[in-house]
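Following: one structure in structure tokens, then a few remarks.
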Amino acid sequence: MLDQVKVGFIGAGGNASGHMQRVAEIEGARITAVCDLVPEKAEAAAAKYGATAYTDYRRLLDEADLNAVYVSVPPFAHYDAEILAAERGLHLFVEKPVALTLEKGLEIWDAIARAGVLSCVGYQLRYSPFVDPIREFLAGKNLLMVSARRWGSLVSTPWWQKMELSGGQLVEQATHEMDLIRYWAGEVRAVYATYARKVHGNVPGITIPDLQAVQLEFASGAIGQFVTSCTGCPGGRGFEFFLEGMKLTYDGNAPVLTPAGAAPLDVEPREAESIDRVFIEAVKTGDGSRIKSTYLDALKTLDVTLAANLSAKERRPVETYFSW
Ligand SMILES: NC(=O)c1ccc[n+]([C@@H]2O[C@H](COP(=O)([O-])OP(=O)(O)OC[C@H]3O[C@@H](n4cnc5c(N)ncnc54)[C@H](O)[C@@H]3O)[C@@H](O)[C@H]2O)c1
């Protein structure tokens with residue numbers, strides 16, 4: 001049991017700043033080191049939290065007094081920070097998507113598993129109030145089909161708009177919904193995806209598709225479809241689960257069963273947990289059992305989204321790596 005959890009940050013961009021604020025509010029946690037390639041970002045965050053600033057994560061890992069590290073860099077920038085941190089026995093919080101290739105993700109997972117450190121990936125939707133009640137409702141039922149959507153807007157961050165840097169909306173952003181689909185409906189055995197560029201196709205610098213439709217084949221035999229868009233067309237996010245004689249709908253509010261009362265459904269929201277508190281507590285106690293998305297689990301979500309990218313590119317169904 002640690003009295004104090006000393007935390008380092010690799011990447012001090014928009015997302016990391018939220019984690020830093022939440023970590024700083026946790027009693028018994030202290031941010032001791034912050035690294036960013038942009039010195040001003042590292043220095044500003046370090047000054048705010050009384051930490052040491054670095055521009056080279058290798059130096060941070062060599063010199064700083066740490067128990068855990070957050071890695072919050074863009075998808076293309078996962079090199080060896082996680083591997084070096086794990087080799088030093090540091091517990092890891094890694095932002096999704098955990099890599100841009102399965103090879104890199106597997107290499108990092110191997111280092112984490114060999115070191116036996118804790119890992120937690122930033123799929124914070126898993127900790128929101130209705131997610132576990134839905135999972136419990138679906139468990140043991142004959143799920144037939146899933147229909148899900150995420151309609152949103154283009155993210156202005158330059159790397160986000162480039163396929164080779166972000167992996168596209170499905171890999172980078174709608175990975176949250178794909179991760180929930182796995183959490184609820186189980187593993188995906190194969191995908192068949194079609195993508196289009198109907199709004200941003202001629203905009204210089206934007207290389208990601210703006211419409212993505214993925215057919216899903218689950219290990220259970222259920223099938224499904226997940227569609228995403230970053231065209232700015234309103235639509236939000238939503239999930240429908242078709243079961244024998246009933247349908248469960250979830251859009252972020254209390255889930256709705258049709259017909260009402262077809263089966264017992266606990267729609268009482270559980271208290272939302274902070275993923276940062278769960279992670280810091282796990283590091284403090286050495287007990288990772290409340291972490292809902294480990295690195296390996298997150299790698300399986302990446303696997304599905306990368307399989308979809310390959311499927312759309314080669315216009316053929318693709319089996320997921322983890323289904324082999
Ligand atoms: N869980 C969520 O809901 C959520 C929300 C937003 C972003 N994210 C994820 O967080 C990650 C970062 O996103 P962001 O929006 O903060 O991006 P960002 O571009 O605002 O910040 C990334 C930062 O990483 C720095 N960086 C890049 N390579 C580095 C390296 N080798 N060493 C040190 N610093 C490096 C950049 O200089 C930049 O400041 C992405 O993976 C993104 O998908 C997750």
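Lettering and numbering for the structure tokens are positional, with chains as A, B, ... in the shown order, residues counted from 1 in each chain, and ligands counted from 1 in the shown order.
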
message = According to DSSP computed on the backbone, where in segment 182-217 of chain A is there alpha helix (DSSP H)? Give the residues as a list in words.
response =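 Here are the alpha helix (DSSP H) residues of segment 182-217 of chain A: Arg182, Tyr183, Trp184 and Ala185 of chain A.
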
task = Residues within 8 Å of ligand 1, counting only C-alpha atoms and all ligand atoms: report them as a VMD selection string.
result = chain A and resid 10 to 17 35 to 38 41 55 to 57 71 to 75 77 to 79 81 95 to 98 122 to 124 157 159 166 172 to 173 176

ask   = Running DSSP on the backbone, which parts of segment 40-248 of chain A land in strand (DSSP E or B), as an NGL selection string?
value = :A and (52-54 or 68-71 or 91-94 or 119-121 or 143-151 or 188-196 or 211-218 or 223-229 or 236-243 or 246-248)

Residues from last step as file, C-alpha atoms, as a PDB file, in the first residue's frame:
```pdb
ATOM      1  CA  THR A  52       9.396  18.898 -13.131  1.00  0.00           C
ATOM      2  CA  ALA A  53       9.095  19.606 -16.864  1.00  0.00           C
ATOM      3  CA  TYR A  54      10.696  17.412 -19.539  1.00  0.00           C
ATOM      4  CA  ALA A  68       2.686   5.546 -12.433  1.00  0.00           C
ATOM      5  CA  VAL A  69       2.658   7.210 -15.830  1.00  0.00           C
ATOM      6  CA  TYR A  70      -0.134   8.560 -18.012  1.00  0.00           C
ATOM      7  CA  VAL A  71       0.600   8.300 -21.739  1.00  0.00           C
ATOM      8  CA  HIS A  91       1.931   1.320 -13.695  1.00  0.00           C
ATOM      9  CA  LEU A  92       0.353   2.640 -16.883  1.00  0.00           C
ATOM     10  CA  PHE A  93      -2.659   4.706 -17.839  1.00  0.00           C
ATOM     11  CA  VAL A  94      -2.733   4.825 -21.637  1.00  0.00           C
ATOM     12  CA  SER A 119      -2.675  -1.028 -17.024  1.00  0.00           C
ATOM     13  CA  CYS A 120      -5.766   1.101 -17.498  1.00  0.00           C
ATOM     14  CA  VAL A 121      -6.954   2.530 -20.816  1.00  0.00           C
ATOM     15  CA  LEU A 143     -28.812 -11.361 -28.320  1.00  0.00           C
ATOM     16  CA  LEU A 144     -29.729 -11.405 -32.002  1.00  0.00           C
ATOM     17  CA  MET A 145     -28.532  -8.114 -33.416  1.00  0.00           C
ATOM     18  CA  VAL A 146     -26.917  -4.803 -32.439  1.00  0.00           C
ATOM     19  CA  SER A 147     -27.509  -1.532 -34.256  1.00  0.00           C
ATOM     20  CA  ALA A 148     -25.360   1.431 -33.170  1.00  0.00           C
ATOM     21  CA  ARG A 149     -24.422   4.890 -34.380  1.00  0.00           C
ATOM     22  CA  ARG A 150     -22.174   7.828 -33.574  1.00  0.00           C
ATOM     23  CA  TRP A 151     -22.826  10.960 -35.597  1.00  0.00           C
ATOM     24  CA  VAL A 188     -16.298  -9.518 -32.622  1.00  0.00           C
ATOM     25  CA  ARG A 189     -15.211 -12.362 -34.901  1.00  0.00           C
ATOM     26  CA  ALA A 190     -15.258 -10.558 -38.249  1.00  0.00           C
ATOM     27  CA  VAL A 191     -16.165  -7.241 -39.852  1.00  0.00           C
ATOM     28  CA  TYR A 192     -17.129  -5.972 -43.272  1.00  0.00           C
ATOM     29  CA  ALA A 193     -16.818  -2.209 -43.655  1.00  0.00           C
ATOM     30  CA  THR A 194     -17.596   0.400 -46.282  1.00  0.00           C
ATOM     31  CA  TYR A 195     -16.367   3.998 -45.983  1.00  0.00           C
ATOM     32  CA  ALA A 196     -17.096   7.173 -47.945  1.00  0.00           C
ATOM     33  CA  LEU A 211     -18.822   8.132 -43.246  1.00  0.00           C
ATOM     34  CA  GLN A 212     -18.042   4.660 -41.932  1.00  0.00           C
ATOM     35  CA  ALA A 213     -20.410   1.676 -41.867  1.00  0.00           C
ATOM     36  CA  VAL A 214     -19.246  -1.547 -40.248  1.00  0.00           C
ATOM     37  CA  GLN A 215     -21.073  -4.874 -40.309  1.00  0.00           C
ATOM     38  CA  LEU A 216     -20.195  -6.941 -37.241  1.00  0.00           C
ATOM     39  CA  GLU A 217     -20.191 -10.682 -36.743  1.00  0.00           C
ATOM     40  CA  PHE A 218     -19.940 -11.601 -33.060  1.00  0.00           C
ATOM     41  CA  ILE A 223     -24.695  -9.838 -35.996  1.00  0.00           C
ATOM     42  CA  GLY A 224     -24.724  -6.061 -35.960  1.00  0.00           C
ATOM     43  CA  GLN A 225     -23.980  -2.779 -37.616  1.00  0.00           C
ATOM     44  CA  PHE A 226     -22.161   0.321 -36.367  1.00  0.00           C
ATOM     45  CA  VAL A 227     -22.248   3.545 -38.400  1.00  0.00           C
ATOM     46  CA  THR A 228     -20.219   6.665 -37.704  1.00  0.00           C
ATOM     47  CA  SER A 229     -20.001  10.060 -39.298  1.00  0.00           C
ATOM     48  CA  GLY A 236     -25.694  11.759 -31.657  1.00  0.00           C
ATOM     49  CA  ARG A 237     -24.977   8.301 -30.399  1.00  0.00           C
ATOM     50  CA  GLY A 238     -27.265   5.389 -29.769  1.00  0.00           C
ATOM     51  CA  PHE A 239     -27.464   1.636 -29.407  1.00  0.00           C
ATOM     52  CA  GLU A 240     -30.270  -0.837 -30.053  1.00  0.00           C
ATOM     53  CA  PHE A 241     -30.100  -4.450 -28.925  1.00  0.00           C
ATOM     54  CA  PHE A 242     -32.555  -6.832 -30.539  1.00  0.00           C
ATOM     55  CA  LEU A 243     -33.404  -9.910 -28.482  1.00  0.00           C
ATOM     56  CA  MET A 246     -37.874  -7.415 -27.228  1.00  0.00           C
ATOM     57  CA  LYS A 247     -35.548  -4.514 -27.924  1.00  0.00           C
ATOM     58  CA  LEU A 248     -33.327  -2.519 -25.553  1.00  0.00           C
TER      59      LEU A 248
END
```

inquiry  = I'd like the neighbourhood of Ala262 of chain A as a PyMOL selection string, where a residue qualifies if any of its atoms comes within 8 Å (using only C-alpha atoms), though same-chain residues fewer than 4 positions away should be ignored.
reply    = chain A and resi 245-246+257-258

task = Between A:Leu154, A:Thr207, A:Val171, A:Ala222, single out the one closest to Ala185 of chain A, counting only C-alpha atoms.
result = A:Ala222

query = Closest to Leu66 of chain A among A:Ile83, A:Ala99, A:Val5, A:Val23, using only C-alpha atoms?
reply =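 Ranked by minimum distance to Leu66 of chain A, first place goes to A:Val5.
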
request  = Have a look at A:Lys292, A:Ser311, A:Leu125, A:Ala85 and name the one nearest to Ile108 of chain A; count only C-alpha atoms.
outcome  =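 Looking only at the distances to Ile108 of chain A, the closest residue turns out to be A:Ala85.
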
Atomic distance atom CA of Phe137 of chain A - atom CA of Asp266 of chain A, expressed in Å with one decimal = 7.7 Å

request  = Within 7 Å of Leu299 of chain A, counting only C-alpha atoms, which residues show up once you throw out same-chain ones fewer than 4 positions away? Write them as a list in words, please.
outcome  =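 Once the adjacent positions are removed, what remains is Val98, Gly105, Tyr295 and Asp303 of chain A.
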
task = Would you work out the distance separating atom CA of Glu281 of chain A from atom CA of Asp3 of chain A, expressed in Å to one decimal?
result =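 So the two atoms, atom CA of Glu281 of chain A and atom CA of Asp3 of chain A, lie 10.8 Å apart.
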
key: Atomic separation - atom CA of Ala47 of chain A relative to atom CA of Thr32 of chain A, Å   = 10.5 Å

ask   = Nearest to Leu106 of chain A: which of A:Glu40, A:Glu273, A:Glu82, A:Asp62 is it, counting only C-alpha atoms?
value =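 Answer, going by the shortest atom-to-atom distance: A:Glu82.
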
inquiry  = as a list in words, please: the residues near Ile291 of chain A (cut-off 8 Å, only C-alpha atoms, same-chain neighbours under 6 positions excluded).
reply    = Cys120, Ile275, Val278, Phe279 and Ala282 of chain A

Quick one: write out the picked residues with N, CA and C atoms as a PDB file, in the first residue's frame?
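Okay, out-v9.pdb is ready:
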```pdb
ATOM      1  N   CYS A 120      -4.401   0.579 -17.436  1.00  0.00           N
ATOM      2  CA  CYS A 120      -5.766   1.101 -17.498  1.00  0.00           C
ATOM      3  C   CYS A 120      -5.843   1.971 -18.749  1.00  0.00           C
ATOM      4  N   ILE A 275     -12.589   7.401 -13.722  1.00  0.00           N
ATOM      5  CA  ILE A 275     -11.565   6.444 -14.159  1.00  0.00           C
ATOM      6  C   ILE A 275     -10.213   6.776 -13.525  1.00  0.00           C
ATOM      7  N   VAL A 278     -10.220   5.417  -9.985  1.00  0.00           N
ATOM      8  CA  VAL A 278     -10.086   3.955 -10.022  1.00  0.00           C
ATOM      9  C   VAL A 278      -8.626   3.571 -10.268  1.00  0.00           C
ATOM     10  N   PHE A 279      -7.989   4.255 -11.206  1.00  0.00           N
ATOM     11  CA  PHE A 279      -6.590   3.927 -11.544  1.00  0.00           C
ATOM     12  C   PHE A 279      -5.647   4.241 -10.380  1.00  0.00           C
ATOM     13  N   ALA A 282      -6.027   1.839  -7.647  1.00  0.00           N
ATOM     14  CA  ALA A 282      -5.428   0.540  -8.006  1.00  0.00           C
ATOM     15  C   ALA A 282      -3.914   0.585  -7.788  1.00  0.00           C
TER      16      ALA A 282
END
```
